[in-house]
Amino acid sequence: MSLICLNDYERAASAILDKLALDYYKGGAGDELTLKNNVEAYSRLRIRPRFLRDLTETNTRCSLLGNEYKMPIGIAPSAMQKMAHPEGEIGAAIAAGKAGCVYILSTLSTTSLEDVAEAAPDTHKWFQLYIFKNRAVTESMIRRAEKAGYEALVVTIDAPVRGTRRSDIKNNFRVPPHLKLENFCGELCNGVRCQPGVAGVNHFLISKFDTSLTWKDIDWLIEFTKLPVILKGILTPEDAQLAYEHGVRGIIVSNHGARQVDTAPATIEALPEISRAVGDKMLVMMDGGIRAGNDVFKALALGAKMVFLGRSVLWGLTVGGQKGVEDVLEIIHTDLELLMGLCGCVNVKEIKPQMVVHESYYWKL
Ligand SMILES: Cc1cc2nc3c(=O)[nH]c(=O)nc-3n(C[C@H](O)[C@H](O)[C@H](O)COP(=O)(O)O)c2cc1C
């Protein structure tokens, strides 16, 4: 099968993965209306290209948090990447480094944060953090991430409890017996341990998340760590404004790949009002439903400084391990670069809000 776009990787991966893993990766919350809309909402937006501009020096580079990246596309944190391929998190992290982009490691990874750091020293790595009821567990994980060279902490705020994913319930989803959530193994993590195959993420570990979390805990975290704190899961300008007031360094507009609140807005729908509210004073990024260069272009036009790929990376990993992820990143990078040329943008700063409109714009004229 010739694989030339990200949807090809989804089709190919779907033919490889067993039902348990495929449903876990693919599924969303409830009736999966947001899951569908996360992707479809991009198709309701129109790109307004500009022409007769000098394109001899086109590039997709971007700078944020003091670093330069080859493209404004990174890898979102997703749990249990070894379920896709034995190369798992290490393969994906090395691929991100080769592509010149950010890799965010999930707390619920099947490779320890130290092993990922050691195997991918040249990759810009951020660590996604869940805050546990047992604060000592959280503190130990933060110190480990700092020591291992992670450059930012990405706190996921949209999963105080787990969304209802019906296929996982029907499949009685568990961490497969040959895998472990390695950040909780080895070093004793004060009682938060995951027994492979016996107590899966859904029944055990998630019950350890701190459901009493509030903005006070974000204040605590910012004091506690020397790393920049980024909040992932913002969906309203109200929470974005609070994030700014509490001093976080950036936000990721996200609905957790539509795995939490069904009928929450598609992230590309939520993005414009959030970037209008805080985009000129803090770093706004986003994820959700990005499958091609034109999705990235639309998100950048509507105020995101960087976007992240979730499932598409899992499909790349399934199909070809590290090489599969490299290919996925190369395809979307080339696609974005080409589109920028077609639209008269020599760099990402030239992708302006007026270049993307809702389809209804043309019917109001
Ligand atoms: C299988 C899977 C596991 C995920 N695990 C995590 C996780 O551990 N932590 C987290 O913050 N987000 C997690 N997410 C959400 C992603 O980081 C991201 O928000 C989402 O996948 C982006 O949407 P996309 O898959 O349409 O690209 C997960 C998503 C999927 C599909």
# chains A, B, ... in the order shown; residues from 1 in each chain; ligands from 1
$ residues_near_ligand --ligand "ligand 1" --cutoff "7 Å" --atoms "only C-alpha atoms and all ligand atoms" --output "CSV table (one decimal) with N, CA, C and O atoms, in the first residue's frame"
chain,number,residue,atom,x,y,z
A,24,TYR,N,-8.7,1.4,21.7
A,24,TYR,CA,-8.2,2.3,22.7
A,24,TYR,C,-7.6,3.6,22.0
A,24,TYR,O,-7.9,4.7,22.4
A,25,TYR,N,-6.9,3.4,20.9
A,25,TYR,CA,-6.2,4.5,20.3
A,25,TYR,C,-7.3,5.4,19.5
A,25,TYR,O,-7.2,6.6,19.5
A,26,LYS,N,-8.2,4.7,18.9
A,26,LYS,CA,-9.1,5.4,18.0
A,26,LYS,C,-10.3,6.1,18.7
A,26,LYS,O,-10.8,7.1,18.3
A,38,ASN,N,-14.0,17.1,15.5
A,38,ASN,CA,-12.6,17.6,15.7
A,38,ASN,C,-11.9,17.6,14.3
A,38,ASN,O,-11.1,18.5,14.0
A,76,ALA,N,2.0,15.1,20.4
A,76,ALA,CA,1.2,15.2,21.6
A,76,ALA,C,1.4,14.0,22.5
A,76,ALA,O,1.8,12.9,22.0
A,77,PRO,N,1.2,14.2,23.8
A,77,PRO,CA,1.4,13.0,24.7
A,77,PRO,C,0.3,12.0,24.5
A,77,PRO,O,-0.9,12.3,24.5
A,78,SER,N,0.7,10.7,24.3
A,78,SER,CA,-0.3,9.7,24.3
A,78,SER,C,0.2,8.5,25.0
A,78,SER,O,1.4,8.1,24.9
A,79,ALA,N,-0.7,7.9,25.8
A,79,ALA,CA,-0.3,6.8,26.7
A,79,ALA,C,0.1,5.5,25.9
A,79,ALA,O,-0.4,5.3,24.7
A,106,SER,N,4.0,11.2,27.7
A,106,SER,CA,2.9,11.0,28.6
A,106,SER,C,3.4,10.4,29.9
A,106,SER,O,4.3,9.6,29.9
A,107,THR,N,2.8,10.8,31.0
A,107,THR,CA,3.0,10.2,32.3
A,107,THR,C,2.8,8.7,32.2
A,107,THR,O,3.5,7.8,32.8
A,108,LEU,N,1.8,8.3,31.4
A,108,LEU,CA,1.3,6.9,31.2
A,108,LEU,C,2.1,6.2,30.1
A,108,LEU,O,1.5,5.5,29.3
A,128,GLN,N,4.5,15.4,30.1
A,128,GLN,CA,3.1,15.6,30.4
A,128,GLN,C,2.9,15.1,31.8
A,128,GLN,O,3.2,13.9,32.1
A,156,THR,N,-1.9,18.2,32.3
A,156,THR,CA,-3.2,17.9,31.6
A,156,THR,C,-4.3,18.2,32.7
A,156,THR,O,-4.4,17.6,33.7
A,232,LYS,N,-2.6,22.0,29.5
A,232,LYS,CA,-3.2,21.3,28.3
A,232,LYS,C,-4.6,20.9,28.6
A,232,LYS,O,-4.9,20.3,29.6
A,254,SER,N,-7.2,22.1,23.8
A,254,SER,CA,-7.3,20.6,23.5
A,254,SER,C,-8.5,20.1,24.1
A,254,SER,O,-9.0,20.6,25.2
A,255,ASN,N,-9.1,19.1,23.5
A,255,ASN,CA,-10.2,18.4,24.2
A,255,ASN,C,-9.8,16.9,24.4
A,255,ASN,O,-10.7,16.0,24.4
A,256,HIS,N,-8.5,16.7,24.5
A,256,HIS,CA,-8.0,15.4,24.8
A,256,HIS,C,-8.3,14.4,23.7
A,256,HIS,O,-8.7,13.2,23.9
A,257,GLY,N,-8.3,14.9,22.4
A,257,GLY,CA,-8.6,14.0,21.3
A,257,GLY,C,-10.0,13.5,21.4
A,257,GLY,O,-10.4,12.4,21.0
A,287,ASP,N,-4.1,21.2,19.9
A,287,ASP,CA,-4.1,19.9,19.2
A,287,ASP,C,-5.6,19.4,19.0
A,287,ASP,O,-6.5,20.0,19.4
A,288,GLY,N,-5.7,18.4,18.2
A,288,GLY,CA,-7.0,17.8,17.9
A,288,GLY,C,-7.4,17.8,16.4
A,288,GLY,O,-7.6,18.9,15.9
A,289,GLY,N,-7.5,16.6,15.9
A,289,GLY,CA,-8.0,16.5,14.5
A,289,GLY,C,-7.1,16.9,13.4
A,289,GLY,O,-7.5,17.0,12.2
A,290,ILE,N,-5.9,17.2,13.7
A,290,ILE,CA,-4.9,17.7,12.6
A,290,ILE,C,-4.5,16.4,11.8
A,290,ILE,O,-3.9,15.5,12.3
A,308,PHE,N,-0.1,20.0,17.7
A,308,PHE,CA,0.4,18.7,18.1
A,308,PHE,C,-0.4,17.6,17.4
A,308,PHE,O,-1.6,17.7,17.3
A,309,LEU,N,0.3,16.5,17.1
A,309,LEU,CA,-0.4,15.3,16.5
A,309,LEU,C,-0.5,14.3,17.5
A,309,LEU,O,0.5,13.9,18.2
A,310,GLY,N,-1.7,13.7,17.7
A,310,GLY,CA,-1.9,12.6,18.6
A,310,GLY,C,-2.0,11.3,17.9
A,310,GLY,O,-1.0,10.6,17.6
A,311,ARG,N,-3.2,10.9,17.4
A,311,ARG,CA,-3.3,9.6,16.8
A,311,ARG,C,-2.5,9.4,15.6
A,311,ARG,O,-2.0,8.3,15.4
A,312,SER,N,-2.2,10.4,14.7
A,312,SER,CA,-1.5,10.2,13.5
A,312,SER,C,-0.1,9.6,13.8
A,312,SER,O,0.5,8.8,13.0
$ residues_around --residues "Pro86 in chain A" --least-positions-apart "4" --cutoff "12 Å" --atoms "only C-alpha atoms" --output "list in words"
Met80, Gln81, Lys82, Ile90, Gly91, Ala92, Thr110, Thr111, His178, Leu179, Leu317, Thr318, Val319, Gly320, Gly321 and Gln322 of chain A
$ atom_distance --atom1 "CA of Val137 in chain A" --atom2 "CA of Leu205 in chain A"
12.1 Å
$ closest_residue --among "A:His333, A:Arg249, A:Arg135, A:Lys98" --to "Val296 in chain A" --atoms "only C-alpha atoms"
A:His333
$ closest_residue --among "A:Cys345, A:Cys62, A:Ile351, A:Leu153" --to "Ile252 in chain A" --atoms "only C-alpha atoms"
A:Leu153
$ select_by_dssp --residues "range 152-333 of chain A" --states "strand (DSSP E or B)" --output "list of chain:residue names"
A:Leu153, A:Val154, A:Val155, A:Thr156, A:Phe209, A:Val229, A:Ile230, A:Leu231, A:Lys232, A:Gly233, A:Ile234, A:Gly250, A:Ile251, A:Ile252, A:Val253, A:Leu283, A:Val284, A:Met285, A:Met286, A:Asp287, A:Met306, A:Val307, A:Phe308, A:Leu309
$ closest_residue --among "A:Leu235, A:Ala29, A:Val284, A:Val155" --to "Ile218 in chain A" --atoms "only C-alpha atoms"
A:Val155
$ closest_residue --among "A:Leu55, A:Ala21, A:Met306, A:Met355" --to "Pro176 in chain A" --atoms "only C-alpha atoms"
A:Ala21
$ residues_around --residues "Arg53 in chain A" --least-positions-apart "2" --cutoff "10 Å" --atoms "only C-alpha atoms" --output "list in words"
Arg50, Phe51, Leu55, Thr56, Gly341, Cys343, Gly344, Cys345 and Val346 of chain A
$ select_by_dssp --residues "range 155-297 of chain A" --states "helix (DSSP H, G or I)" --output "PyMOL selection string"
chain A and resi 166-171+182-184+201-208+215-224+237-245+256-258+267-278+293-297
$ atom_distance --atom1 "CA of Glu118 in chain A" --atom2 "CA of Arg143 in chain A"
16.0 Å
$ residues_around --residues "Ile131 in chain A" --least-positions-apart "4" --cutoff "7 Å" --atoms "only C-alpha atoms" --output "list in words"
Thr138, Phe209 and Asp210 of chain A
$ write_last_selection --atoms "C-alpha atoms" --output "compact mmCIF listing (two decimals), in the first residue's frame"
# COMPACT_ATOMS: atom_id res chain seq x y z
CA THR A 138 3.85 14.06 41.77
CA PHE A 209 -5.53 11.29 40.04
CA ASP A 210 -6.22 14.25 42.28
$ closest_residue --among "A:Cys101, A:Met141, A:Leu314, A:Leu329" --to "Glu87 in chain A" --atoms "only C-alpha atoms"
A:Leu314
$ closest_residue --among "A:Pro353, A:Gly293, A:Gly324, A:Gly30" --to "Tyr42 in chain A" --atoms "only C-alpha atoms"
A:Gly293
$ residues_around --residues "Lys133 in chain A" --least-positions-apart "4" --cutoff "12 Å" --atoms "only C-alpha atoms" --output "VMD selection string"
chain A and resid 137 to 139 160 190 to 192 205 to 213 217
$ write_last_selection --atoms "all heavy atoms" --output "short mmCIF file (atom, residue, chain, number, x, y, z; two decimals), in the first residue's frame"
data_model
loop_
_atom_site.label_atom_id
_atom_site.label_comp_id
_atom_site.auth_asym_id
_atom_site.auth_seq_id
_atom_site.Cartn_x
_atom_site.Cartn_y
_atom_site.Cartn_z
N VAL A 137 4.19 11.58 45.12
CA VAL A 137 4.38 10.90 43.82
C VAL A 137 4.59 11.95 42.73
O VAL A 137 5.50 11.84 41.90
CB VAL A 137 3.13 10.05 43.48
CG1 VAL A 137 3.23 9.49 42.07
CG2 VAL A 137 2.96 8.94 44.48
N THR A 138 3.74 12.98 42.77
CA THR A 138 3.85 14.06 41.77
C THR A 138 5.21 14.75 41.90
O THR A 138 5.90 14.98 40.90
CB THR A 138 2.72 15.09 42.00
OG1 THR A 138 1.50 14.39 42.20
CG2 THR A 138 2.60 16.04 40.84
N GLU A 139 5.58 15.06 43.13
CA GLU A 139 6.85 15.77 43.35
C GLU A 139 8.03 14.94 42.83
O GLU A 139 8.92 15.47 42.16
CB GLU A 139 7.04 16.05 44.85
CG GLU A 139 6.08 17.12 45.35
CD GLU A 139 6.20 17.36 46.85
OE1 GLU A 139 6.99 16.65 47.53
OE2 GLU A 139 5.49 18.26 47.35
N PRO A 160 -9.72 15.14 35.17
CA PRO A 160 -9.80 14.89 36.61
C PRO A 160 -10.45 13.52 36.86
O PRO A 160 -10.14 12.84 37.83
CB PRO A 160 -10.69 16.02 37.14
CG PRO A 160 -11.47 16.51 35.97
CD PRO A 160 -10.61 16.25 34.75
N ASN A 190 5.71 5.49 45.98
CA ASN A 190 4.79 5.71 47.10
C ASN A 190 3.39 5.13 46.89
O ASN A 190 2.40 5.83 47.02
CB ASN A 190 4.67 7.21 47.40
CG ASN A 190 5.99 7.76 47.88
OD1 ASN A 190 6.56 7.29 48.85
ND2 ASN A 190 6.50 8.75 47.16
N GLY A 191 3.35 3.91 46.50
CA GLY A 191 2.04 3.25 46.44
C GLY A 191 1.35 3.35 45.10
O GLY A 191 0.40 2.64 44.86
N VAL A 192 1.81 4.21 44.18
CA VAL A 192 1.17 4.24 42.87
C VAL A 192 1.93 3.29 41.96
O VAL A 192 2.98 3.60 41.44
CB VAL A 192 1.16 5.66 42.25
CG1 VAL A 192 0.53 5.63 40.87
CG2 VAL A 192 0.40 6.61 43.14
N LEU A 205 -5.02 3.32 38.07
CA LEU A 205 -4.18 4.51 38.10
C LEU A 205 -4.99 5.80 38.07
O LEU A 205 -4.72 6.74 38.82
CB LEU A 205 -3.22 4.45 36.91
CG LEU A 205 -1.94 5.23 37.09
CD1 LEU A 205 -1.18 4.75 38.31
CD2 LEU A 205 -1.09 5.08 35.86
N ILE A 206 -6.01 5.83 37.20
CA ILE A 206 -6.82 7.04 37.08
C ILE A 206 -7.48 7.35 38.42
O ILE A 206 -7.68 8.51 38.77
CB ILE A 206 -7.88 6.87 35.96
CG1 ILE A 206 -7.22 6.50 34.65
CG2 ILE A 206 -8.76 8.10 35.83
CD1 ILE A 206 -6.81 7.57 33.71
N SER A 207 -7.78 6.31 39.20
CA SER A 207 -8.39 6.55 40.51
C SER A 207 -7.42 7.25 41.45
O SER A 207 -7.80 7.74 42.50
CB SER A 207 -8.86 5.23 41.12
OG SER A 207 -7.74 4.47 41.52
N LYS A 208 -6.16 7.30 41.08
CA LYS A 208 -5.15 7.96 41.91
C LYS A 208 -4.99 9.44 41.53
O LYS A 208 -4.23 10.16 42.15
CB LYS A 208 -3.78 7.28 41.76
CG LYS A 208 -3.77 5.81 42.07
CD LYS A 208 -3.89 5.57 43.57
CE LYS A 208 -3.87 4.08 43.87
NZ LYS A 208 -4.24 3.78 45.26
N PHE A 209 -5.64 9.88 40.43
CA PHE A 209 -5.53 11.29 40.04
C PHE A 209 -6.22 12.15 41.09
O PHE A 209 -7.22 11.76 41.68
CB PHE A 209 -6.21 11.54 38.69
CG PHE A 209 -5.47 10.97 37.50
CD1 PHE A 209 -4.32 10.21 37.65
CD2 PHE A 209 -5.95 11.20 36.21
CE1 PHE A 209 -3.66 9.68 36.55
CE2 PHE A 209 -5.29 10.67 35.11
CZ PHE A 209 -4.15 9.91 35.28
N ASP A 210 -5.68 13.34 41.27
CA ASP A 210 -6.22 14.25 42.28
C ASP A 210 -7.44 14.97 41.73
O ASP A 210 -7.34 15.87 40.90
CB ASP A 210 -5.14 15.25 42.69
CG ASP A 210 -5.59 16.10 43.86
OD1 ASP A 210 -6.78 16.03 44.23
OD2 ASP A 210 -4.75 16.82 44.41
N THR A 211 -8.62 14.56 42.19
CA THR A 211 -9.86 15.18 41.69
C THR A 211 -10.15 16.50 42.40
O THR A 211 -11.09 17.20 42.04
CB THR A 211 -11.07 14.24 41.88
OG1 THR A 211 -11.01 13.73 43.20
CG2 THR A 211 -11.06 13.10 40.89
N SER A 212 -9.35 16.84 43.40
CA SER A 212 -9.60 18.11 44.11
C SER A 212 -8.76 19.26 43.52
O SER A 212 -8.71 20.35 44.09
CB SER A 212 -9.28 17.94 45.60
OG SER A 212 -7.87 17.87 45.77
N LEU A 213 -8.13 18.99 42.40
CA LEU A 213 -7.21 19.98 41.81
C LEU A 213 -7.88 21.31 41.48
O LEU A 213 -8.96 21.33 40.89
CB LEU A 213 -6.68 19.36 40.51
CG LEU A 213 -5.26 19.72 40.09
CD1 LEU A 213 -4.28 19.19 41.12
CD2 LEU A 213 -4.97 19.11 38.73
N ASP A 217 -3.41 24.68 43.12
CA ASP A 217 -2.39 23.65 42.88
C ASP A 217 -1.48 24.04 41.72
O ASP A 217 -0.31 23.66 41.68
CB ASP A 217 -3.07 22.30 42.61
CG ASP A 217 -3.96 21.91 43.77
OD1 ASP A 217 -3.42 21.54 44.82
OD2 ASP A 217 -5.20 22.03 43.64
#
$ atom_distance --atom1 "CA of Asn294 in chain A" --atom2 "CA of Glu10 in chain A"
17.8 Å
$ residues_around --residues "Gly303 in chain A" --least-positions-apart "4" --cutoff "9 Å" --atoms "only C-alpha atoms" --output "ChimeraX atom specification"
/A:271-272,274-276,279,284-285,298-299,352-353
$ write_last_selection --atoms "C-alpha atoms" --output "tab-separated table (two decimals), in the first residue's frame"
chain	number	residue	atom	x	y	z
A	271	LEU	CA	-9.26	28.30	19.27
A	272	PRO	CA	-10.25	31.72	17.80
A	274	ILE	CA	-9.14	31.89	23.07
A	275	SER	CA	-6.41	33.41	20.94
A	276	ARG	CA	-8.36	36.69	20.74
A	279	GLY	CA	-2.92	35.33	22.22
A	284	VAL	CA	-1.24	29.56	22.67
A	285	MET	CA	-0.89	26.11	21.09
A	298	LYS	CA	-5.79	26.99	9.63
A	299	ALA	CA	-4.75	26.54	13.26
A	352	LYS	CA	-2.52	35.79	8.99
A	353	PRO	CA	-6.02	35.49	10.53
$ residues_around --residues "range 13-20 of chain A" --least-positions-apart "5" --cutoff "8 Å" --atoms "only C-alpha atoms" --output "list in words"
Ala84, Asp168, Asn171, Phe173, Trp315, Gly316, Thr318 and Val319 of chain A
$ write_last_selection --atoms "C-alpha atoms" --output "compact mmCIF listing (two decimals), in the first residue's frame"
# COMPACT_ATOMS: atom_id res chain seq x y z
CA ALA A 84 1.62 0.33 18.69
CA ASP A 168 -12.84 0.32 26.15
CA ASN A 171 -13.40 -4.62 25.60
CA PHE A 173 -9.42 -2.61 28.30
CA TRP A 315 -0.58 5.19 13.28
CA GLY A 316 2.95 5.98 11.99
CA THR A 318 2.22 1.09 14.28
CA VAL A 319 3.11 0.92 10.60
